[in-house]
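Asker: Please find one structure pasted underneath; my questions will follow.
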Amino acid sequence: MIHLICPNPALDRTILVEKIEKNIPIRPVEVRDYPGGKGFNVAYALKENGITDVRIHTILGGRIGQYIQDLNEERGNHLSFIEVPKTTRTCSIFVEKTTGDVELYYEKGLELSQELFAQFNHQLEESLEDGDWVVFSGSLMKGMPDDYIAHFINEHPQVKVVVDTSGPALQAAYNTHPTLIKINNEELKELYPELDEQSPAAILEILKEKTPHENLIITMGAKGSLAKIGRRFFSIQSPKIQARNPIASGDFYLGLLVKGLCQGDAPQDYLRAASAFSTANCLNDFPEVKEEDFQRILAEVELSEL
């Protein structure tokens with residue numbers, strides 16, 4: 001089972017407009033609602049690539065919370081949630097057709113009380129079995145201690161933990177032994193302040209000489225990605241595209257990495273697939289991947305072993 005940790009979800013409403021203008025009514029071209037939060041995005045990538053043994057752990061409330069449950073049921077994901085009185089937030093993503101610009105309006109999320117945090121953590125721990133995977137993606141929810149992921153890793157050596165976070169939570173988790181860390185070049189600089197984060201050569205040197213972890217992925221935006229998988233090192237570069245809406249691409253990348261590691265696939269295969277799937281998402285106005293785009297880009301991804 002793959003467990004996706006998503007305690008701070010949202011209704012993601014993507015609104016496609018011709019042009020964003022001020023002080024006049026704007027009539028959307030199209031509006032679509034999605035169960036939002038990084039865990040839900042990772043679940044989409046897994047499901048679209050044939051992985052169904054997935055459970056999302058979250059906290060939901062009010063009519064929006066019920067709506068997210070309905071949307072998730074349509075997607076067929078298993079859901080474990082704690083119900084709270086406060087209505088789950090809505091995040092609005094405006095995509096402007098004429099320019100491709102994206103504007104984000106994210107409502108404030110729920111703040112965890114100690115009691116609610118303990119309840120959430122207990123529900124998660126009760127669902128774990130030896131050999132399961134647990135994926136922490138995104139910033140920790142307000143109310144979670146900075147060392148929550150690190151503590152979880154140390155307390156549950158029987159499960160495999162994937163970490164995609166930043167700030168103090170990343171600092172703490174980095175000093176433990178997760179199965180995979182996936183971060184960007186700026187987040188790597190948080191760990192190694194002397195790093196020139198714009199230099200792929202400098203990042204590769206960090207991977208080869210300083211990082212203690214077996215599996216570490218560094219994304220570098222337009223410069224592609226660098227990966228340390230065991231004792232092997234890779235450079236991955238997707239073809240250049242005209243991006244429309246990049247929302248959720250990082251989560252889709254993570255989903256394909258988790259799929260490949262879970263199945264024991266060859267690293268060159270899942271690294272190429274992750275890069276292609278996340279890039280294909282950027283071609284659309286909405287967070288989704290068309291199979292024909294994925295296959296075309298997959299054939300164009302450049303991967304080399306270093």
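We label chains A, B, ... in the order they appear in the structure tokens, count residues from 1 in each chain, and number ligands from 1 in the order shown.
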Report as JSON lines the residues of stretch 134-213 of chain A within 8 Å of stretch 217-236 of chain A, each with its shortest atom pair and distance in Å (one decimal), using only C-alpha atoms, ordered by chain and increasing residue number.
Answerer:
```
{"residue": "A:Leu180", "atom": "CA", "partner": "A:Ile217", "partner_atom": "CA", "distance": 7.9}
{"residue": "A:Ile181", "atom": "CA", "partner": "A:Ile217", "partner_atom": "CA", "distance": 6.3}
{"residue": "A:Lys182", "atom": "CA", "partner": "A:Ile217", "partner_atom": "CA", "distance": 4.6}
{"residue": "A:Ile183", "atom": "CA", "partner": "A:Ile218", "partner_atom": "CA", "distance": 5.3}
{"residue": "A:Asn184", "atom": "CA", "partner": "A:Thr219", "partner_atom": "CA", "distance": 4.5}
{"residue": "A:Asn185", "atom": "CA", "partner": "A:Met220", "partner_atom": "CA", "distance": 5.6}
{"residue": "A:Leu188", "atom": "CA", "partner": "A:Ile218", "partner_atom": "CA", "distance": 7.6}
{"residue": "A:Gln198", "atom": "CA", "partner": "A:Met220", "partner_atom": "CA", "distance": 7.9}
{"residue": "A:Pro200", "atom": "CA", "partner": "A:Leu226", "partner_atom": "CA", "distance": 7.8}
{"residue": "A:Ile203", "atom": "CA", "partner": "A:Leu226", "partner_atom": "CA", "distance": 8.0}
{"residue": "A:Leu204", "atom": "CA", "partner": "A:Leu226", "partner_atom": "CA", "distance": 7.1}
{"residue": "A:Leu207", "atom": "CA", "partner": "A:Lys228", "partner_atom": "CA", "distance": 6.5}
{"residue": "A:Lys208", "atom": "CA", "partner": "A:Lys228", "partner_atom": "CA", "distance": 7.9}
```
Asker: Next, write the just-selected residues to a file, as an mmCIF file, in the first residue's frame, keeping all heavy atoms as the atom set.
Answerer:
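Written out: part.cif:
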```
data_model
loop_
_atom_site.group_PDB
_atom_site.id
_atom_site.type_symbol
_atom_site.label_atom_id
_atom_site.label_comp_id
_atom_site.auth_asym_id
_atom_site.auth_seq_id
_atom_site.Cartn_x
_atom_site.Cartn_y
_atom_site.Cartn_z
ATOM 1 N N LEU A 180 13.541 7.865 -0.289
ATOM 2 C CA LEU A 180 13.746 8.786 -1.405
ATOM 3 C C LEU A 180 13.522 10.209 -0.926
ATOM 4 O O LEU A 180 12.582 10.477 -0.170
ATOM 5 C CB LEU A 180 12.775 8.476 -2.559
ATOM 6 C CG LEU A 180 12.676 9.524 -3.672
ATOM 7 C CD1 LEU A 180 13.965 9.553 -4.495
ATOM 8 C CD2 LEU A 180 11.474 9.273 -4.575
ATOM 9 N N ILE A 181 14.384 11.120 -1.378
ATOM 10 C CA ILE A 181 14.170 12.550 -1.202
ATOM 11 C C ILE A 181 14.102 13.168 -2.590
ATOM 12 O O ILE A 181 14.979 12.941 -3.434
ATOM 13 C CB ILE A 181 15.288 13.224 -0.385
ATOM 14 C CG1 ILE A 181 15.338 12.654 1.030
ATOM 15 C CG2 ILE A 181 15.084 14.736 -0.342
ATOM 16 C CD1 ILE A 181 16.481 13.211 1.865
ATOM 17 N N LYS A 182 13.044 13.950 -2.830
ATOM 18 C CA LYS A 182 12.914 14.673 -4.098
ATOM 19 C C LYS A 182 12.708 16.147 -3.774
ATOM 20 O O LYS A 182 11.721 16.527 -3.161
ATOM 21 C CB LYS A 182 11.752 14.118 -4.918
ATOM 22 C CG LYS A 182 11.502 14.865 -6.233
ATOM 23 C CD LYS A 182 10.180 15.574 -6.170
ATOM 24 C CE LYS A 182 9.945 16.429 -7.396
ATOM 25 N NZ LYS A 182 8.856 17.408 -7.172
ATOM 26 N N ILE A 183 13.687 16.986 -4.148
ATOM 27 C CA ILE A 183 13.633 18.409 -3.872
ATOM 28 C C ILE A 183 14.156 19.173 -5.083
ATOM 29 O O ILE A 183 14.665 18.577 -6.038
ATOM 30 C CB ILE A 183 14.457 18.792 -2.619
ATOM 31 C CG1 ILE A 183 15.886 18.257 -2.726
ATOM 32 C CG2 ILE A 183 13.782 18.272 -1.354
ATOM 33 C CD1 ILE A 183 16.792 18.639 -1.573
ATOM 34 N N ASN A 184 14.052 20.513 -5.049
ATOM 35 C CA ASN A 184 14.615 21.300 -6.138
ATOM 36 C C ASN A 184 15.969 21.874 -5.737
ATOM 37 O O ASN A 184 16.433 21.701 -4.606
ATOM 38 C CB ASN A 184 13.636 22.387 -6.597
ATOM 39 C CG ASN A 184 13.330 23.413 -5.512
ATOM 40 O OD1 ASN A 184 14.197 23.784 -4.710
ATOM 41 N ND2 ASN A 184 12.095 23.889 -5.478
ATOM 42 N N ASN A 185 16.604 22.553 -6.669
ATOM 43 C CA ASN A 185 17.954 23.056 -6.437
ATOM 44 C C ASN A 185 18.013 24.105 -5.329
ATOM 45 O O ASN A 185 18.985 24.177 -4.569
ATOM 46 C CB ASN A 185 18.547 23.623 -7.735
ATOM 47 C CG ASN A 185 17.655 24.672 -8.382
ATOM 48 O OD1 ASN A 185 16.438 24.614 -8.286
ATOM 49 N ND2 ASN A 185 18.261 25.633 -9.065
ATOM 50 N N LEU A 188 17.929 22.284 -2.086
ATOM 51 C CA LEU A 188 19.234 21.675 -1.803
ATOM 52 C C LEU A 188 20.187 22.702 -1.197
ATOM 53 O O LEU A 188 20.987 22.377 -0.312
ATOM 54 C CB LEU A 188 19.831 21.089 -3.084
ATOM 55 C CG LEU A 188 21.148 20.318 -2.910
ATOM 56 C CD1 LEU A 188 20.945 19.065 -2.062
ATOM 57 C CD2 LEU A 188 21.748 19.951 -4.269
ATOM 58 N N GLN A 198 22.609 27.250 -9.149
ATOM 59 C CA GLN A 198 22.348 27.384 -10.580
ATOM 60 C C GLN A 198 23.301 26.549 -11.428
ATOM 61 O O GLN A 198 23.169 26.512 -12.651
ATOM 62 C CB GLN A 198 22.447 28.861 -10.986
ATOM 63 C CG GLN A 198 21.486 29.781 -10.257
ATOM 64 C CD GLN A 198 20.036 29.369 -10.423
ATOM 65 O OE1 GLN A 198 19.626 28.933 -11.506
ATOM 66 N NE2 GLN A 198 19.250 29.470 -9.351
ATOM 67 N N PRO A 200 24.569 22.978 -12.508
ATOM 68 C CA PRO A 200 24.390 21.519 -12.471
ATOM 69 C C PRO A 200 25.657 20.783 -12.053
ATOM 70 O O PRO A 200 25.588 19.766 -11.351
ATOM 71 C CB PRO A 200 23.985 21.180 -13.910
ATOM 72 C CG PRO A 200 23.338 22.437 -14.418
ATOM 73 C CD PRO A 200 24.132 23.547 -13.797
ATOM 74 N N ILE A 203 25.899 20.918 -8.305
ATOM 75 C CA ILE A 203 24.892 20.045 -7.697
ATOM 76 C C ILE A 203 25.329 18.589 -7.804
ATOM 77 O O ILE A 203 25.216 17.814 -6.846
ATOM 78 C CB ILE A 203 23.522 20.277 -8.365
ATOM 79 C CG1 ILE A 203 23.005 21.680 -8.030
ATOM 80 C CG2 ILE A 203 22.519 19.205 -7.919
ATOM 81 C CD1 ILE A 203 21.762 22.076 -8.791
ATOM 82 N N LEU A 204 25.854 18.209 -8.970
ATOM 83 C CA LEU A 204 26.314 16.836 -9.156
ATOM 84 C C LEU A 204 27.451 16.505 -8.183
ATOM 85 O O LEU A 204 27.500 15.403 -7.626
ATOM 86 C CB LEU A 204 26.779 16.626 -10.597
ATOM 87 C CG LEU A 204 27.265 15.218 -10.951
ATOM 88 C CD1 LEU A 204 26.162 14.192 -10.745
ATOM 89 C CD2 LEU A 204 27.794 15.178 -12.378
ATOM 90 N N LEU A 207 25.921 15.682 -4.921
ATOM 91 C CA LEU A 207 25.328 14.340 -4.955
ATOM 92 C C LEU A 207 26.398 13.259 -4.828
ATOM 93 O O LEU A 207 26.205 12.252 -4.141
ATOM 94 C CB LEU A 207 24.543 14.143 -6.252
ATOM 95 C CG LEU A 207 23.255 14.947 -6.432
ATOM 96 C CD1 LEU A 207 22.602 14.606 -7.764
ATOM 97 C CD2 LEU A 207 22.288 14.693 -5.301
ATOM 98 N N LYS A 208 27.517 13.460 -5.499
ATOM 99 C CA LYS A 208 28.553 12.430 -5.520
ATOM 100 C C LYS A 208 29.402 12.412 -4.261
ATOM 101 O O LYS A 208 29.845 11.345 -3.803
ATOM 102 C CB LYS A 208 29.456 12.628 -6.744
ATOM 103 C CG LYS A 208 28.809 12.229 -8.059
ATOM 104 C CD LYS A 208 29.813 12.278 -9.196
ATOM 105 C CE LYS A 208 29.219 11.692 -10.473
ATOM 106 N NZ LYS A 208 30.214 11.665 -11.579
#
```
Asker: What lies within 10 Å of A:Asp146 using only C-alpha atoms, ignoring chain neighbours under 5 positions off, as a list of chain:residue names?
Answerer: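 Here the answer would be A:Ser139, A:Leu140, A:Met141, A:His151, A:Gly167, A:Pro168, A:Ala169, A:Leu170, A:Gln171, A:Ala172, A:Ala173.
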Asker: Show me, as a ChimeraX atom specification, the residues that have an atom within 12 Å of A:Asn121 when counting only C-alpha atoms, minus same-chain residues fewer than 4 positions from it.
Answerer: /A:5-7,57-59,80-82,112,114-117,125-128,144,148-149,151-152
Asker: Counting only C-alpha atoms, what are the residues of stretch 183-244 of chain A within 10 Å of stretch 281-290 of chain A, and for each of them which pair of atoms is the nearest and at what distance in Å, to one decimal? Sort the table by chain and rising number, as a Markdown table.
Answerer:
```
| residue | atom | partner | partner_atom | distance |
| --- | --- | --- | --- | --- |
| A:Ile241 | CA | A:Leu283 | CA | 7.6 |
| A:Gln242 | CA | A:Leu283 | CA | 7.0 |
| A:Ala243 | CA | A:Cys282 | CA | 5.0 |
| A:Arg244 | CA | A:Leu283 | CA | 5.4 |
```
Asker: Could the residues in this selection be saved with N, CA and C atoms as a PDB file, in the first residue's frame?
Answerer:
```pdb
ATOM      1  N   ILE A 241       9.157  22.993 -24.311  1.00  0.00           N
ATOM      2  CA  ILE A 241       7.761  23.102 -24.731  1.00  0.00           C
ATOM      3  C   ILE A 241       7.251  24.509 -24.454  1.00  0.00           C
ATOM      4  N   GLN A 242       6.111  24.835 -25.009  1.00  0.00           N
ATOM      5  CA  GLN A 242       5.408  26.072 -24.672  1.00  0.00           C
ATOM      6  C   GLN A 242       4.413  25.729 -23.562  1.00  0.00           C
ATOM      7  N   ALA A 243       4.793  26.006 -22.323  1.00  0.00           N
ATOM      8  CA  ALA A 243       3.970  25.602 -21.179  1.00  0.00           C
ATOM      9  C   ALA A 243       2.726  26.463 -21.069  1.00  0.00           C
ATOM     10  N   ARG A 244       1.639  25.825 -20.618  1.00  0.00           N
ATOM     11  CA  ARG A 244       0.398  26.545 -20.375  1.00  0.00           C
ATOM     12  C   ARG A 244       0.136  26.646 -18.870  1.00  0.00           C
TER      13      ARG A 244
END
```
Asker: I want to know what sits within 10 Å of A:Pro28, based on only C-alpha atoms, with residues of the same chain fewer than 4 positions away left out; could you give that as a ChimeraX atom specification?
Answerer: /A:14-20,94-96
Asker: Name the closest residue to A:Ile247 among the candidates A:Thr98, A:Ser278, A:Asn77, A:Asn23; distances are taken between atoms, counting only C-alpha atoms.
Answerer: A:Ser278
Asker: Which of stretch 91-185 of chain A counts as helix (DSSP H, G or I) under DSSP, as JSON, numbers by chain please?
Answerer: {"A": [114, 115, 116, 117, 118, 119, 120, 121, 122, 123, 124, 125, 126, 127, 148, 149, 150, 151, 152, 153, 154, 155, 167, 168, 169, 170, 171, 172, 173, 174, 185]}
